[in-house]
Structures are given as C-alpha cells and as structure tokens.
Amino acid sequence: MNEYGLRSSDLFRTCFRKSPDTVLFAPGRVNLIGEHIDYNGGRVMPCSLSLGTYAAAARRNDGVIRLVSVDMGGAVVETTSEELASLPCVPLSFARFGWAEYPLGVAAKLIENGFYVGGFDMAVCGSLPRGSGLSSSASLEVLTCAVLKELFFIRLTGEQAALISLAAERDCAGVNCGIMDQFICAKGRKDHAVLLDTHTLSNEYLPFDLKDSQLLIMNTKKPRRLAGSKYNERRAECEEALRLIVASGMDRKHLCELTHEEFASVEALLPETLRRRARHAVTENERTLNAAEALKTGDIVTLGKLMNASHDSLKNDYEVTGRELDSIVYAARDQEGVLGARMTGAGFGGCAIAIVEKDAAESVKAGVTERYKAQTGLNCEIYIAETGEAPFGKG
Ligand code: GLA
C-alpha cells in the first residue's frame, strides 16, 4: 500500500479506535480528447490515473455512518443510514455535510435504487493535487461505490457504479456534469485509454502507448472559479442550439449525432454564439474518433495535431480556456519536442496536457515553467501522467 493508503488507515485507527476491514483506491482522470461533449452524446477518450483517492473502511451494525478525511481537516461527519434513506436527494439536504456530500450522496442513491446500505466508518485520503480538475469528486464517489459494494455485498457493475455516482453528483451535490469522469474513474485500466460513446455507453479499451513520447499534465494552479456557472451556461447553449436544429426539421437527440455535412446544412439557422458552440461539439466528436484511430495505429504526430485543434476549438468556439490555460498551452507548443498540447477537463483553470518526446521532457518542463511564470506570475506544476487501475476496470 502506498503512502496515501497508509494515511487513510492511520486516520481510520486514530478516529475510530479499530482496524479497517478494507482499504480501496479509485483513480482520478485525465481526458486526452473529446472535451465538453459528454453531455452532447459525443465520444470522449479519457485515461484513469495512478493518482486518486484511498479509503479505509469498516462495516458497523448499528446504522451509524461516520466519515473523516485527511485532506479536509479531520473533523468527523456523522449521520445514519436511516437518515439518508429519508433525505430527499437534492443539494439542500446534502450541503450541510460539506465534502461528505459526495460519499453520502452515493450512499443515499444506492439506497434509493433499492440496495442495502447499513452503518459504516470510512477515512479517506487523496493523492490528486487539490482543485486541479483531475476529477477528485468523481474519484471519491466511485470509491464510495467500491467500498459499499464490498462492505454490504452489493452486486454492482462498473457501469452501475458510474451511473449511481453521476446521479449523486447531479442530484445531491448539484453539479450537472456528463458521464465521462464517473465512467473512467470506475472502469479505467492501467496503460489504457477508453474510447467512450457517451450516448450509448459502449466503449473500447485502447492501449495507451505514446511510443517515444509521454504525456505531461501541466497544472496552471489557477482555481477553477467560473467552472460551475459557465459550465451550466454552455450546457444550456448546446441544448438551445439542438432545439433550433430539431425545430428546423432535422430530428436528432444530441448535437454530436450531426455529421460535419449535416451541420453545414443547418448552421446558418443558428445565432452566432450558438453556432460556434454547436460547431465545437460536432468537430470535437470527429476529432476524438480520428484521435482514437491515431492512437490505435501509433500515429502520435497526428494525435498531437488533433489535440492542438481541440484546444483551439475550446478557446475560440467554446470559450472555456482563459488566460492561464492558453498561456501554458502555447508555452508548451513553442518548446522543442512537443507534439501537441491542450486544456483538459472543464476548463477555466485546472490542468492542460502535452504530448512530449521522452528525451525532451525535462527541458520542456523547465521552459514551460519559466515562460508561464513570466506571463502569469503563477508557479505551475508539471507531472508525468501515469495511468492507474480503477476498481471496476476488470469487470
Ligand atoms: C467536467 C465534467 C465532465 C465533462 C468535462 C468537460 O470534468 O465533470 O462531465 O463535461 O468537464 O469535458
């Protein structure tokens, strides 16, 4: 067990004065391409990371639930399974639990779906850089599913765990996100990316082999303040664009169902801003399919170019990048040995990624750090991305 797993069991012992029955892990995620289209029925291509969240947990027989987190100051949050069963799954009932709204939301959703969840104690510890947009919340939700599955012998598939986690995030925490993060945190595999169709949930594991290159994660260290409000605004804009397209007589359930050609035939009907939002969805979906092909055939140069195009579309058409993400991405692209760079996740701060020739990684890190600091005054952090195993990845 690594340092973070040990810290979760140490905290468990200190707080609850007994040993945990189990210690489990769920990864965070990095999305290679397919951004802001998991709520438009598009294809996404994320990887699960070796960084994520650990939980030490034990079952109780009295219905009491106690939760504590190394990262959140160590105060114990307490409730009961009976109380959870009676709470309406809305943000108002869960906000008072603070960070524990995620695990408690998952427990409540499992109960709502007819699964038995009794009392338990759980201590968590995360290894993801905080506020970095690498899906710490989805990681914690999926981890809770894995813990409760084991403690209460729940028959739960990875897909069900992802859907329960998504329902908790949407209904209990009030974040109207797509399925990508929960799916990859539940079902990702080490050394693989997943090409996921977010409309049907059909998926394919693709060996994540960048040949002589590797993936860098570049943390802008800019808090993602606008992420929530602007995220919902973009979703609403996409829904409105789709409504206008359907009203014109083209029957589609999602923007990403439209081909390039179909979009060209209707785009003039859309007001300028909505046209750009919809164009991002349609083109990003196609880029993701091409990127999957490039990864399969080992054409890393093409993969890098598609990443560049993805960022440019997120900047110009979708407008979710911002000064810091643009600055770090352009700083990376200007370095020798970089094949492509883009923002990853919701945007407005958080992390970007770059594909970098292995031999050039150190000089790229130094060059990006210096230039980014000069332009923004911020100290970025750059890590080599390592993929990790998700709790439901093998079945
Ligand atoms: C956040 C959401 C995801 C997805 C990305 C953007 O991470 O949680 O569902 O929409 O933003 O691709």
# chains A, B, ... in the order shown; residues from 1 in each chain; ligands from 1

$ residues_near_ligand --ligand "ligand 1" --cutoff "7 Å" --atoms "only C-alpha atoms and all ligand atoms" --output "list in words"
Gly34, Glu35, His36, Ile37, Asp38, Tyr39, Gly133, Ser135, Cys177, Gly178, Ile179, Met180, Asp181, Gly345 and Ala346 of chain A

$ residues_around --residues "Pro391 (chain A)" --least-positions-apart "6" --cutoff "10 Å" --atoms "only C-alpha atoms" --output "CSV table (one decimal) with C-alpha atoms, in the first residue's frame"
chain,number,residue,atom,x,y,z
A,24,LEU,CA,-9.6,0.6,-1.5
A,25,PHE,CA,-8.5,3.0,-4.2
A,26,ALA,CA,-10.3,4.9,-7.1
A,27,PRO,CA,-8.3,6.9,-9.6
A,142,VAL,CA,-16.7,5.8,-7.3
A,143,LEU,CA,-14.5,4.9,-4.4
A,145,CYS,CA,-19.4,2.7,-4.5
A,146,ALA,CA,-16.5,0.2,-4.4
A,147,VAL,CA,-16.3,0.4,-0.6
A,158,GLY,CA,-18.9,-0.7,-13.1
A,161,ALA,CA,-21.3,2.4,-10.1
A,185,CYS,CA,-12.9,6.6,-12.5
A,186,ALA,CA,-15.0,3.4,-12.3
A,187,LYS,CA,-13.9,1.4,-15.3
A,188,GLY,CA,-10.4,2.7,-16.4
A,189,ARG,CA,-7.5,0.4,-16.7

$ residues_around --residues "region 54-67 of chain A" --least-positions-apart "4" --cutoff "8 Å" --atoms "only C-alpha atoms" --output "number ranges by chain"
A: 4-5, 8-9, 12, 19-26, 76-82, 100, 118-126, 143, 147, 151-152

$ select_by_dssp --residues "region 298-379 of chain A" --states "strand (DSSP E)" --output "list in words"
Val338, Leu339, Gly340, Ala341, Arg342, Met343, Cys351, Ala352, Ile353, Ala354, Ile355, Val356 and Glu357 of chain A

$ residues_around --residues "His280 (chain A)" --least-positions-apart "6" --cutoff "8 Å" --atoms "only C-alpha atoms" --output "PDB file with N, CA, C and O atoms, in the first residue's frame"
ATOM      1  N   SER A 313     -10.349  24.952 -30.696  1.00  0.00           N
ATOM      2  CA  SER A 313     -11.808  24.980 -30.764  1.00  0.00           C
ATOM      3  C   SER A 313     -12.411  25.333 -29.392  1.00  0.00           C
ATOM      4  O   SER A 313     -13.377  26.093 -29.294  1.00  0.00           O
ATOM      5  N   LEU A 314     -11.805  24.798 -28.327  1.00  0.00           N
ATOM      6  CA  LEU A 314     -12.295  25.112 -26.971  1.00  0.00           C
ATOM      7  C   LEU A 314     -12.045  26.582 -26.629  1.00  0.00           C
ATOM      8  O   LEU A 314     -12.785  27.204 -25.872  1.00  0.00           O
ATOM      9  N   ASP A 317     -14.247  28.647 -30.248  1.00  0.00           N
ATOM     10  CA  ASP A 317     -15.675  28.376 -30.435  1.00  0.00           C
ATOM     11  C   ASP A 317     -16.403  28.166 -29.108  1.00  0.00           C
ATOM     12  O   ASP A 317     -17.541  28.579 -28.937  1.00  0.00           O
ATOM     13  N   TYR A 318     -15.736  27.485 -28.167  1.00  0.00           N
ATOM     14  CA  TYR A 318     -16.457  27.127 -26.938  1.00  0.00           C
ATOM     15  C   TYR A 318     -16.172  28.090 -25.787  1.00  0.00           C
ATOM     16  O   TYR A 318     -16.935  28.155 -24.828  1.00  0.00           O
TER      17      TYR A 318
END

$ atom_distance --atom1 "CA of Gly367 (chain A)" --atom2 "CA of Asn308 (chain A)"
18.6 Å

$ residues_around --residues "Ser363 (chain A)" --least-positions-apart "5" --cutoff "12 Å" --atoms "only C-alpha atoms" --output "compact mmCIF listing (two decimals) with N, CA and C atoms, in the first residue's frame"
# COMPACT_ATOMS: atom_id res chain seq x y z
N ALA A 332 3.90 25.48 -24.03
CA ALA A 332 4.29 24.10 -24.33
C ALA A 332 4.51 23.91 -25.83
N ASP A 334 5.46 25.87 -28.02
CA ASP A 334 6.66 26.52 -28.54
C ASP A 334 7.95 25.79 -28.17
N GLN A 335 7.85 24.75 -27.33
CA GLN A 335 9.07 24.04 -26.93
C GLN A 335 9.42 22.97 -27.96
N GLU A 336 10.69 22.79 -28.12
CA GLU A 336 11.21 21.71 -28.97
C GLU A 336 10.76 20.36 -28.41
N GLY A 337 10.25 19.47 -29.27
CA GLY A 337 9.90 18.11 -28.79
C GLY A 337 8.48 17.96 -28.30
N VAL A 338 7.64 19.01 -28.48
CA VAL A 338 6.23 18.90 -28.08
C VAL A 338 5.38 18.61 -29.33
N VAL A 356 4.88 14.88 -25.30
CA VAL A 356 6.25 15.36 -25.36
C VAL A 356 7.20 14.20 -25.64
N GLU A 357 8.16 14.39 -26.53
CA GLU A 357 9.17 13.34 -26.75
C GLU A 357 9.90 13.09 -25.44
N LYS A 358 10.10 11.82 -25.13
CA LYS A 358 10.67 11.48 -23.81
C LYS A 358 11.98 12.22 -23.54
N VAL A 368 8.50 25.58 -20.02
CA VAL A 368 7.09 25.96 -19.78
C VAL A 368 6.98 26.67 -18.44
N THR A 369 7.64 26.12 -17.42
CA THR A 369 7.55 26.71 -16.08
C THR A 369 7.99 28.17 -16.10
N GLU A 370 9.11 28.40 -16.78
CA GLU A 370 9.67 29.75 -16.80
C GLU A 370 8.75 30.72 -17.56
N ILE A 382 4.20 20.52 -13.00
CA ILE A 382 4.13 19.62 -14.16
C ILE A 382 4.47 18.20 -13.73
